[in-house]
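Asks: Sharing a structure with you now.
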Amino acid sequence: MSDTADSYEPDGGRRNLTHRDADWAGLRVLVVGLGLSGFAAADALMQRDAAVTVVSRDRNDTMDKRAQILQTLGVTVLFGDDVPAAPPEGTQLVVTSPGVPPSNPFLLAAAEAGIPVWGEVELAWRMRPAEGAAPWLTITGTNGKTTAVTMLESILQAAGIRAVAAGNVGTPILEAVLHPEPFEVLAVELSSFQIHWSRSLSPYASCLLNVAPDHLDWHGSYDEYRRIKGRVFEQTQVAAVYNAQDPATEQLLMDADVVEGCRAIGFTTGTPEISMVGVVDEVLADRAFVDDRRNSAAELATIEDLTIDGVPPAPHYIADALAAAALARAYGVTPAGVRAGLRAYRPQPHRVQSVGRVGDVAYIDDSKATNTDAALASVTAYDHIVWIAGGLLKGAEVDELVRAAAPRLRGAVLLGRDREQLADALRRHAPDVPVVDIASTDTGAMAQVVRAAQSLARPGDVVLLAPAAASMDMFANYGARGDAFAAAVQDLS
């Protein structure tokens with residue numbers, strides 16, 4: 001799709017659709033999808049007297065209920081075979097749900113007809129008030145973005161700021177923007193899908209945590225995926241935060257067109273240089289937002305502040321905390337506010353979450369580690385682990401992951417459809433590590449997995465669920481897999 005301004009503005013920009021009080025009335029909009037974002041988009045547009053049609057190839061009871069509400073309000077809803085192959089003549093704007101790829105025939109037809117296509121994040125940005133809009137602090141990355149954005153929310157709230165995590169997690173972005181009691185600032189998690197369908201965002205501060213191959217089927221190539229991730233920096237106003245230990249993020253920042261005067265701020269789990277935040281002697285230190293950056297630093301928190309249930313934080317958890325702290329500091333939060341927010345924070349479910357301790361063995365749920373890069377960050381965070389892994393590897397190579405894990409392994413328990421691929425890699429790179437293969441796929445399989453892991457663990461070890469794989473071969477989603485793990489651990493204790 002074209003990136004030109006004209007192709008992204010209905011009516012060639014004559015309506016100036018840049019705020020909620022613009023001339024939306026009568027605009028003929030077609031909304032693709034009737035999930036949460038599609039429903040919110042249709043509702044917001046209808047409230048501004050746009051002529052809205054919603055189309056959805058899928059249909060379920062929840063969608064039917066949403067359709068009934070929208071139809072009562074005057075929105076046209078089309079399901080299944082009633083959905084046209086292309087936007088009807090006269091359509092002036094298409095608003096798509098984030099998961100619909102640009103290769104979708106309907107969206108290709110819209111582009112061919114010169115109809116702008118926005119995502120719900122783009123629509124939300126343009127639904128802000130003309131004056132006094134809450135600034136956005138945006139975060140993306142292949143891994144860790146939900147942890148970082150909810151850490152940022154905790155810091156902002158601890159500092160007494162009315163803030164909320166929104167976007168790809170937490171509150172839907174349109175709901176946050178249109179809330180009747182306005183927020184002072186929004187902590188916005190953006191997926192690569194959402195960024196793809198956005199053009200006019202100009203965040204107060206932005207952050208790219210890391211980049212590794214993911215969603216290549218959706219984006220078409222790693223180069224395109226990486227380019228889209230880098231767009232999080234575009235038009236950033238005050239501070240663009242990059243990962244000093246991931247050179248790709250710095251290069252993407254260098255390639256971005258930011259607002260003049262915007263600062264580049266690095267974060268690192270090592271010693272920070274000038275204009276960075278990092279770690280010095282177990283202290284999270286700020287050398288970016290202090291007056292004498294060359295000779296001094298501000299203490300933001302300690303590693304102990306990030307320790308939960310006696311389990312020291314993993315390096316990637318520390319990195320997420322530093323990224324969140326940098327964004328908060330860019331917004332003006334004091335070091336004391338950062339510390340209070342990080343102390344109060346508890347990880348989101350299934351993201352390096354402590355779910356129990358049996359004897360002197362800790363059990364950690366990182367079911368969200370559904371790709372090899374996320375699993376690599378987990379398995380290298382602890383000295384001695386019993387590793388629970390397996391599921392749908394989606395064609396990923398696992399040798400590098402297993403090679404890195406090998407020195408830390410007390411044992412491994414494998415489950416899921418592609419477990420044999422992991423078993424082969426363990427035989428090559430960790431031949432002396434005991435491996436338990438769980439062939440069962442029924443609802444009680446996780447109990448067998450956890451009991452097997454317990455038998456391999458020694459006092460002081462961590463039993464770590466970091467599957468490196470998707471869950472749908474055995475579970476509804478990664479959350480259900482993590483819940484089954486936590487329940488099995490509770491049964492042990």
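Residues are named by chain letter and number: chains run A, B, ... in the order of the structure tokens, numbers start at 1 in each chain, and ligands are numbered from 1 in the order shown.
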Give me every strand (DSSP E) residue in region 14-233 of chain A, going by DSSP on the backbone, as JSON, numbers by chain.
Replies: {"A": [28, 29, 30, 31, 32, 51, 52, 53, 54, 55, 56, 76, 77, 78, 79, 93, 94, 95, 96, 117, 118, 119, 136, 137, 138, 139, 140, 163, 164, 165, 166, 167, 185, 186, 187, 188, 189, 205, 206, 207, 208]}
Asks: So that I have them on file, write out the residues from the current selection with C-alpha atoms, as a compact mmCIF listing (two decimals), in the first residue's frame.
Replies:
# COMPACT_ATOMS: atom_id res chain seq x y z
CA ARG A 28 -18.84 6.59 4.20
CA VAL A 29 -16.74 4.17 6.24
CA LEU A 30 -16.42 0.41 5.97
CA VAL A 31 -15.09 -1.36 9.09
CA VAL A 32 -13.45 -4.75 8.58
CA ALA A 51 -22.24 6.32 7.57
CA VAL A 52 -20.83 3.02 8.82
CA THR A 53 -20.92 -0.51 7.42
CA VAL A 54 -19.24 -3.40 9.25
CA VAL A 55 -18.20 -6.59 7.43
CA SER A 56 -17.03 -9.85 9.00
CA THR A 76 -25.15 -1.84 8.62
CA VAL A 77 -23.56 -5.22 9.48
CA LEU A 78 -22.78 -7.90 6.89
CA PHE A 79 -21.64 -11.44 7.69
CA LEU A 93 -12.46 5.06 4.20
CA VAL A 94 -11.76 1.49 5.32
CA VAL A 95 -10.91 0.83 8.99
CA THR A 96 -9.42 -2.61 9.50
CA VAL A 117 -7.06 2.02 4.94
CA TRP A 118 -6.57 2.85 8.63
CA GLY A 119 -6.14 0.65 11.66
CA TRP A 136 1.22 8.93 24.04
CA LEU A 137 4.24 6.99 25.28
CA THR A 138 4.51 4.13 22.77
CA ILE A 139 6.30 0.78 23.08
CA THR A 140 6.87 -2.03 20.64
CA ALA A 163 -2.57 6.98 33.20
CA VAL A 164 -3.55 3.66 31.66
CA ALA A 165 -1.93 0.95 29.54
CA ALA A 166 -3.78 0.73 26.24
CA GLY A 167 -3.52 -0.53 22.68
CA VAL A 185 -1.07 10.26 29.53
CA LEU A 186 -1.42 6.95 27.71
CA ALA A 187 1.10 4.09 27.84
CA VAL A 188 0.49 2.48 24.45
CA GLU A 189 1.64 -0.98 23.42
CA ALA A 205 8.17 9.42 23.55
CA SER A 206 8.62 6.02 21.92
CA CYS A 207 10.55 2.80 22.51
CA LEU A 208 11.69 -0.21 20.48
Asks: Near region 290-295 of chain A, within 12 Å and counting only C-alpha atoms, which residues show up once chain neighbours fewer than 4 positions away are dropped, as a PDB file with N, CA, C and O atoms, in the first residue's frame?
Replies:
ATOM      1  N   PRO A 272      25.703   2.160  31.952  1.00  0.00           N
ATOM      2  CA  PRO A 272      25.198   3.119  30.960  1.00  0.00           C
ATOM      3  C   PRO A 272      26.237   4.173  30.596  1.00  0.00           C
ATOM      4  O   PRO A 272      26.992   4.643  31.448  1.00  0.00           O
ATOM      5  N   GLU A 273      26.248   4.530  29.322  1.00  0.00           N
ATOM      6  CA  GLU A 273      27.011   5.682  28.878  1.00  0.00           C
ATOM      7  C   GLU A 273      26.143   6.928  29.010  1.00  0.00           C
ATOM      8  O   GLU A 273      24.993   6.865  29.463  1.00  0.00           O
ATOM      9  N   ILE A 274      26.685   8.079  28.613  1.00  0.00           N
ATOM     10  CA  ILE A 274      25.916   9.319  28.657  1.00  0.00           C
ATOM     11  C   ILE A 274      24.671   9.176  27.785  1.00  0.00           C
ATOM     12  O   ILE A 274      24.714   8.567  26.717  1.00  0.00           O
ATOM     13  N   SER A 275      23.549   9.705  28.250  1.00  0.00           N
ATOM     14  CA  SER A 275      22.245   9.621  27.579  1.00  0.00           C
ATOM     15  C   SER A 275      21.720   8.191  27.525  1.00  0.00           C
ATOM     16  O   SER A 275      21.038   7.808  26.574  1.00  0.00           O
ATOM     17  N   MET A 276      22.029   7.420  28.549  1.00  0.00           N
ATOM     18  CA  MET A 276      21.504   6.063  28.678  1.00  0.00           C
ATOM     19  C   MET A 276      21.032   5.825  30.107  1.00  0.00           C
ATOM     20  O   MET A 276      21.418   6.522  31.041  1.00  0.00           O
ATOM     21  N   VAL A 277      20.205   4.796  30.261  1.00  0.00           N
ATOM     22  CA  VAL A 277      19.911   4.224  31.572  1.00  0.00           C
ATOM     23  C   VAL A 277      20.469   2.806  31.574  1.00  0.00           C
ATOM     24  O   VAL A 277      20.510   2.140  30.536  1.00  0.00           O
ATOM     25  N   ALA A 285      20.439   2.867  37.052  1.00  0.00           N
ATOM     26  CA  ALA A 285      20.998   4.213  37.082  1.00  0.00           C
ATOM     27  C   ALA A 285      20.614   4.998  35.833  1.00  0.00           C
ATOM     28  O   ALA A 285      20.602   4.463  34.717  1.00  0.00           O
ATOM     29  N   ASP A 286      20.338   6.276  36.012  1.00  0.00           N
ATOM     30  CA  ASP A 286      19.921   7.174  34.939  1.00  0.00           C
ATOM     31  C   ASP A 286      21.028   8.183  34.657  1.00  0.00           C
ATOM     32  O   ASP A 286      21.349   9.031  35.499  1.00  0.00           O
ATOM     33  N   GLU A 299      19.806   7.387  40.908  1.00  0.00           N
ATOM     34  CA  GLU A 299      19.379   6.026  41.245  1.00  0.00           C
ATOM     35  C   GLU A 299      17.871   5.925  41.064  1.00  0.00           C
ATOM     36  O   GLU A 299      17.111   6.665  41.690  1.00  0.00           O
ATOM     37  N   LEU A 300      17.454   5.000  40.206  1.00  0.00           N
ATOM     38  CA  LEU A 300      16.032   4.816  39.923  1.00  0.00           C
ATOM     39  C   LEU A 300      15.418   3.693  40.742  1.00  0.00           C
ATOM     40  O   LEU A 300      14.246   3.759  41.114  1.00  0.00           O
ATOM     41  N   ALA A 326      12.911   4.778  31.382  1.00  0.00           N
ATOM     42  CA  ALA A 326      13.362   5.834  30.472  1.00  0.00           C
ATOM     43  C   ALA A 326      12.188   6.623  29.914  1.00  0.00           C
ATOM     44  O   ALA A 326      12.232   7.862  29.835  1.00  0.00           O
ATOM     45  N   ARG A 329      10.804   8.788  32.727  1.00  0.00           N
ATOM     46  CA  ARG A 329      11.684   9.927  32.993  1.00  0.00           C
ATOM     47  C   ARG A 329      11.557  10.982  31.893  1.00  0.00           C
ATOM     48  O   ARG A 329      11.605  12.186  32.166  1.00  0.00           O
ATOM     49  N   ALA A 330      11.388  10.516  30.655  1.00  0.00           N
ATOM     50  CA  ALA A 330      11.189  11.464  29.552  1.00  0.00           C
ATOM     51  C   ALA A 330       9.939  12.302  29.792  1.00  0.00           C
ATOM     52  O   ALA A 330       9.891  13.489  29.427  1.00  0.00           O
ATOM     53  N   GLY A 332       8.875  13.138  32.717  1.00  0.00           N
ATOM     54  CA  GLY A 332       9.088  13.987  33.879  1.00  0.00           C
ATOM     55  C   GLY A 332       8.888  13.323  35.223  1.00  0.00           C
ATOM     56  O   GLY A 332       8.905  14.003  36.266  1.00  0.00           O
ATOM     57  N   THR A 334       9.788  11.563  38.595  1.00  0.00           N
ATOM     58  CA  THR A 334      10.992  11.626  39.430  1.00  0.00           C
ATOM     59  C   THR A 334      11.563  10.229  39.658  1.00  0.00           C
ATOM     60  O   THR A 334      10.863   9.225  39.503  1.00  0.00           O
ATOM     61  N   PRO A 335      12.850  10.142  40.056  1.00  0.00           N
ATOM     62  CA  PRO A 335      13.414   8.831  40.409  1.00  0.00           C
ATOM     63  C   PRO A 335      12.599   8.120  41.487  1.00  0.00           C
ATOM     64  O   PRO A 335      12.429   6.900  41.431  1.00  0.00           O
TER      65      PRO A 335
END
Asks: If we count only C-alpha atoms and set the cut-off at 7 Å, which residues sit around region 337-343 of chain A, ignoring sequence neighbours fewer than 5 positions away in its own chain? Please answer as a list in words.
Replies: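 Counting only C-alpha atoms, the residues come to Met151, Ser154, Ile155, Ala158, Ala159, Leu300, Ala301, Asp305, Leu306 and Ala325 of chain A.
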Asks: Those same residues - C-alpha atoms - I'd like them written as a short mmCIF file (atom, residue, chain, number, x, y, z; two decimals), in the first residue's frame.
Replies:
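Result file part06.cif:
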data_model
loop_
_atom_site.label_atom_id
_atom_site.label_comp_id
_atom_site.auth_asym_id
_atom_site.auth_seq_id
_atom_site.Cartn_x
_atom_site.Cartn_y
_atom_site.Cartn_z
CA MET A 151 5.54 -1.41 34.14
CA SER A 154 2.58 1.25 37.25
CA ILE A 155 5.29 3.92 37.38
CA ALA A 158 2.66 5.56 41.42
CA ALA A 159 3.75 9.09 40.53
CA LEU A 300 16.03 4.82 39.92
CA ALA A 301 15.70 1.47 41.72
CA ASP A 305 13.24 -3.79 44.11
CA LEU A 306 12.57 -6.07 41.12
CA ALA A 325 11.83 3.94 33.40
#
Asks: Give me the residues near Asp320 (chain A) as a PyMOL selection string, where near means some atom within 7 Å (using only C-alpha atoms) and where sequence neighbours in that chain fewer than 6 positions away do not count.
Replies: chain A and resi 144+147-148
Asks: For the residues in that selection, give me N, CA and C atoms as a PDB file, in the first residue's frame.
Replies:
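Contents of result_21.pdb, freshly written:
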ATOM      1  N   GLY A 144       8.574  -8.727  25.139  1.00  0.00           N
ATOM      2  CA  GLY A 144       8.648  -7.894  26.336  1.00  0.00           C
ATOM      3  C   GLY A 144       7.778  -6.658  26.354  1.00  0.00           C
ATOM      4  N   THR A 147       5.081  -6.469  29.227  1.00  0.00           N
ATOM      5  CA  THR A 147       5.716  -6.228  30.527  1.00  0.00           C
ATOM      6  C   THR A 147       6.151  -4.779  30.640  1.00  0.00           C
ATOM      7  N   ALA A 148       6.819  -4.271  29.612  1.00  0.00           N
ATOM      8  CA  ALA A 148       7.325  -2.896  29.674  1.00  0.00           C
ATOM      9  C   ALA A 148       6.199  -1.879  29.773  1.00  0.00           C
TER      10      ALA A 148
END
Asks: Could you find all residues in region 111-264 of chain A that DSSP calls alpha helix (DSSP H) from the backbone, and write them as a PyMOL selection string?
Replies: chain A and resi 111-112+120-126+145-158+173-177+192-196+216-219+222-230+247-255
Asks: Generate a file of the selected residues that holds C-alpha atoms, formatted as a PDB file, in the first residue's frame.
Replies:
ATOM      1  CA  ALA A 111      -5.884   0.069  -2.195  1.00  0.00           C
ATOM      2  CA  GLU A 112      -6.452  -0.503  -5.914  1.00  0.00           C
ATOM      3  CA  GLU A 120      -7.915   1.319  14.939  1.00  0.00           C
ATOM      4  CA  VAL A 121      -4.770   2.943  16.368  1.00  0.00           C
ATOM      5  CA  GLU A 122      -4.704   5.459  13.516  1.00  0.00           C
ATOM      6  CA  LEU A 123      -8.400   6.129  14.064  1.00  0.00           C
ATOM      7  CA  ALA A 124      -7.824   6.579  17.791  1.00  0.00           C
ATOM      8  CA  TRP A 125      -5.027   9.079  17.180  1.00  0.00           C
ATOM      9  CA  ARG A 126      -7.380  11.092  14.979  1.00  0.00           C
ATOM     10  CA  LYS A 145       6.339  -5.089  25.220  1.00  0.00           C
ATOM     11  CA  THR A 146       3.436  -6.037  27.500  1.00  0.00           C
ATOM     12  CA  THR A 147       5.716  -6.228  30.527  1.00  0.00           C
ATOM     13  CA  ALA A 148       7.325  -2.896  29.674  1.00  0.00           C
ATOM     14  CA  VAL A 149       4.063  -1.059  28.997  1.00  0.00           C
ATOM     15  CA  THR A 150       2.385  -2.307  32.181  1.00  0.00           C
ATOM     16  CA  MET A 151       5.536  -1.411  34.143  1.00  0.00           C
ATOM     17  CA  LEU A 152       5.259   2.064  32.642  1.00  0.00           C
ATOM     18  CA  GLU A 153       1.602   2.239  33.685  1.00  0.00           C
ATOM     19  CA  SER A 154       2.576   1.252  37.247  1.00  0.00           C
ATOM     20  CA  ILE A 155       5.292   3.923  37.382  1.00  0.00           C
ATOM     21  CA  LEU A 156       3.020   6.670  36.073  1.00  0.00           C
ATOM     22  CA  GLN A 157       0.231   5.767  38.479  1.00  0.00           C
ATOM     23  CA  ALA A 158       2.659   5.556  41.424  1.00  0.00           C
ATOM     24  CA  ILE A 173      -7.046   2.362  22.538  1.00  0.00           C
ATOM     25  CA  LEU A 174     -10.257   3.999  21.306  1.00  0.00           C
ATOM     26  CA  GLU A 175     -11.859   3.498  24.698  1.00  0.00           C
ATOM     27  CA  ALA A 176      -8.869   5.130  26.379  1.00  0.00           C
ATOM     28  CA  VAL A 177      -8.875   8.093  23.996  1.00  0.00           C
ATOM     29  CA  SER A 192       3.691  -4.619  14.266  1.00  0.00           C
ATOM     30  CA  PHE A 193       0.203  -5.123  12.793  1.00  0.00           C
ATOM     31  CA  GLN A 194      -1.042  -1.942  14.446  1.00  0.00           C
ATOM     32  CA  ILE A 195       1.980   0.060  13.348  1.00  0.00           C
ATOM     33  CA  HIS A 196       1.550  -1.124   9.771  1.00  0.00           C
ATOM     34  CA  LEU A 216       7.044 -13.146   8.708  1.00  0.00           C
ATOM     35  CA  ASP A 217       4.015 -14.743   7.034  1.00  0.00           C
ATOM     36  CA  TRP A 218       2.009 -11.572   7.774  1.00  0.00           C
ATOM     37  CA  HIS A 219       4.692  -9.049   6.758  1.00  0.00           C
ATOM     38  CA  TYR A 222      12.061 -10.026   7.976  1.00  0.00           C
ATOM     39  CA  ASP A 223      13.228  -6.797   6.349  1.00  0.00           C
ATOM     40  CA  GLU A 224       9.638  -5.579   6.116  1.00  0.00           C
ATOM     41  CA  TYR A 225       8.819  -6.679   9.679  1.00  0.00           C
ATOM     42  CA  ARG A 226      11.895  -4.852  10.974  1.00  0.00           C
ATOM     43  CA  ARG A 227      11.054  -1.724   8.938  1.00  0.00           C
ATOM     44  CA  ILE A 228       7.547  -1.646  10.383  1.00  0.00           C
ATOM     45  CA  LYS A 229       8.848  -2.038  13.937  1.00  0.00           C
ATOM     46  CA  GLY A 230      11.204   0.893  13.348  1.00  0.00           C
ATOM     47  CA  PRO A 247      22.153  -2.686  17.310  1.00  0.00           C
ATOM     48  CA  ALA A 248      19.161  -3.093  14.994  1.00  0.00           C
ATOM     49  CA  THR A 249      17.032  -0.882  17.240  1.00  0.00           C
ATOM     50  CA  GLU A 250      19.621   1.904  17.178  1.00  0.00           C
ATOM     51  CA  GLN A 251      19.917   1.694  13.387  1.00  0.00           C
ATOM     52  CA  LEU A 252      16.147   1.856  12.996  1.00  0.00           C
ATOM     53  CA  LEU A 253      16.134   4.971  15.172  1.00  0.00           C
ATOM     54  CA  MET A 254      18.871   6.530  13.026  1.00  0.00           C
ATOM     55  CA  ASP A 255      16.740   5.827   9.952  1.00  0.00           C
TER      56      ASP A 255
END
Asks: Using only C-alpha atoms, which residues sit within 9 Å of region 413-430 of chain A once same-chain residues fewer than 4 positions away are excluded, as a PyMOL selection string?
Replies: chain A and resi 386-394+397-399+402-403+405-407+409+434-441+445-446+449-450+452-453+467+469+471+473-474
Asks: Residues as selected, C-alpha atoms, written as an mmCIF file, in the first residue's frame, can you do that?
Replies:
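Below you can see again-v4.cif, which holds the result:
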data_model
loop_
_atom_site.group_PDB
_atom_site.id
_atom_site.type_symbol
_atom_site.label_atom_id
_atom_site.label_comp_id
_atom_site.auth_asym_id
_atom_site.auth_seq_id
_atom_site.Cartn_x
_atom_site.Cartn_y
_atom_site.Cartn_z
ATOM 1 C CA VAL A 386 14.401 -27.837 34.713
ATOM 2 C CA TRP A 387 13.056 -26.702 31.388
ATOM 3 C CA ILE A 388 9.498 -27.406 30.225
ATOM 4 C CA ALA A 389 9.268 -26.869 26.466
ATOM 5 C CA GLY A 390 7.410 -27.865 23.342
ATOM 6 C CA GLY A 391 4.265 -27.253 21.342
ATOM 7 C CA LEU A 392 3.984 -25.820 17.834
ATOM 8 C CA LEU A 393 7.419 -24.608 16.759
ATOM 9 C CA LYS A 394 6.078 -23.099 13.517
ATOM 10 C CA GLU A 397 15.159 -23.797 14.367
ATOM 11 C CA VAL A 398 15.989 -24.658 17.979
ATOM 12 C CA ASP A 399 19.686 -25.608 17.964
ATOM 13 C CA VAL A 402 19.227 -25.568 23.127
ATOM 14 C CA ARG A 403 22.970 -24.909 22.863
ATOM 15 C CA ALA A 405 20.361 -23.619 27.548
ATOM 16 C CA ALA A 406 22.521 -26.736 27.860
ATOM 17 C CA PRO A 407 24.975 -25.570 30.586
ATOM 18 C CA LEU A 409 19.890 -27.672 32.492
ATOM 19 C CA PRO A 434 17.910 -36.235 31.455
ATOM 20 C CA VAL A 435 14.881 -35.704 29.216
ATOM 21 C CA VAL A 436 11.316 -36.782 29.965
ATOM 22 C CA ASP A 437 8.973 -37.085 27.001
ATOM 23 C CA ILE A 438 5.263 -36.573 27.777
ATOM 24 C CA ALA A 439 3.286 -38.013 24.900
ATOM 25 C CA SER A 440 -0.131 -37.390 26.415
ATOM 26 C CA THR A 441 -2.166 -34.513 24.985
ATOM 27 C CA ALA A 445 -0.977 -33.810 30.640
ATOM 28 C CA MET A 446 0.377 -30.737 32.413
ATOM 29 C CA VAL A 449 4.734 -32.597 33.113
ATOM 30 C CA VAL A 450 5.014 -30.814 36.454
ATOM 31 C CA ALA A 452 8.232 -35.073 36.053
ATOM 32 C CA ALA A 453 9.906 -31.691 36.445
ATOM 33 C CA PRO A 467 7.944 -23.476 25.662
ATOM 34 C CA ALA A 469 6.400 -22.750 20.829
ATOM 35 C CA SER A 471 0.173 -23.754 22.385
ATOM 36 C CA ASP A 473 -1.883 -28.176 19.594
ATOM 37 C CA MET A 474 -2.931 -28.840 23.212
#
Asks: Could you list, as number ranges by chain, every residue within 12 Å of Tyr8 (chain A), counting only C-alpha atoms and ignoring same-chain residues fewer than 3 positions away?
Replies: A: 1-5, 11-14, 16-18, 92-95, 110-111, 114-119, 122-123, 197-200
Asks: Give me the region 386-414 of chain A side of the contact with region 456-459 of chain A, cut-off 9 Å, one line per residue showing its nearest atom pair and distance in Å at one decimal, counting only C-alpha atoms, sorted by chain and residue number, as a Markdown table.
Replies:
| residue | atom | partner | partner_atom | distance |
| --- | --- | --- | --- | --- |
| A:Val386 | CA | A:Ala457 | CA | 6.2 |
| A:Arg410 | CA | A:Ala457 | CA | 6.7 |
| A:Gly411 | CA | A:Leu456 | CA | 6.0 |
| A:Ala412 | CA | A:Leu456 | CA | 8.2 |
Asks: May I have the residues from that selection written out with C-alpha atoms, as a short mmCIF file (atom, residue, chain, number, x, y, z; two decimals), in the first residue's frame?
Replies:
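Result file follows (selection-v9.cif):
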data_model
loop_
_atom_site.label_atom_id
_atom_site.label_comp_id
_atom_site.auth_asym_id
_atom_site.auth_seq_id
_atom_site.Cartn_x
_atom_site.Cartn_y
_atom_site.Cartn_z
CA VAL A 386 14.40 -27.84 34.71
CA ARG A 410 19.18 -30.10 35.32
CA GLY A 411 16.70 -31.74 33.03
CA ALA A 412 14.05 -31.13 30.41
#
Asks: Can you tell me which residues surround Gln235 (chain A) at a distance of at most 10 Å, considering only C-alpha atoms, apart from same-chain residues fewer than 4 positions away, and format the answer as a list in words?
Replies: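 My reading of the contact set: Arg199, Ser200, Leu201, Ser202, Pro203, Tyr204, Ala205, Ser206, Arg231, Ala240, Ala256, Asp257, Val258, Val259, Glu260 and Cys262 of chain A.
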Asks: What's the separation between CA of Thr372 (chain A) and CA of Ala396 (chain A), in Å to one decimal place?
Replies: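 Computing it gives 7.3 Å between the two atoms.
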Asks: Choose the residue, out of A:Asp365, A:Gly310, A:Gly141, A:Asp383, that has the smallest atom-to-atom separation from Asp214 (chain A); count only C-alpha atoms.
Replies: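 Among the listed residues, the smallest separation from Asp214 (chain A) belongs to A:Gly141.
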Asks: Go ahead and compute the interatomic distance for CA of Ala447 (chain A) and CA of Ala381 (chain A), in Å to one decimal.
Replies: 24.7 Å
Asks: Which value, in Å to one decimal, gives the distance between CA of Thr443 (chain A) and CA of Arg351 (chain A)?
Replies: 22.0 Å
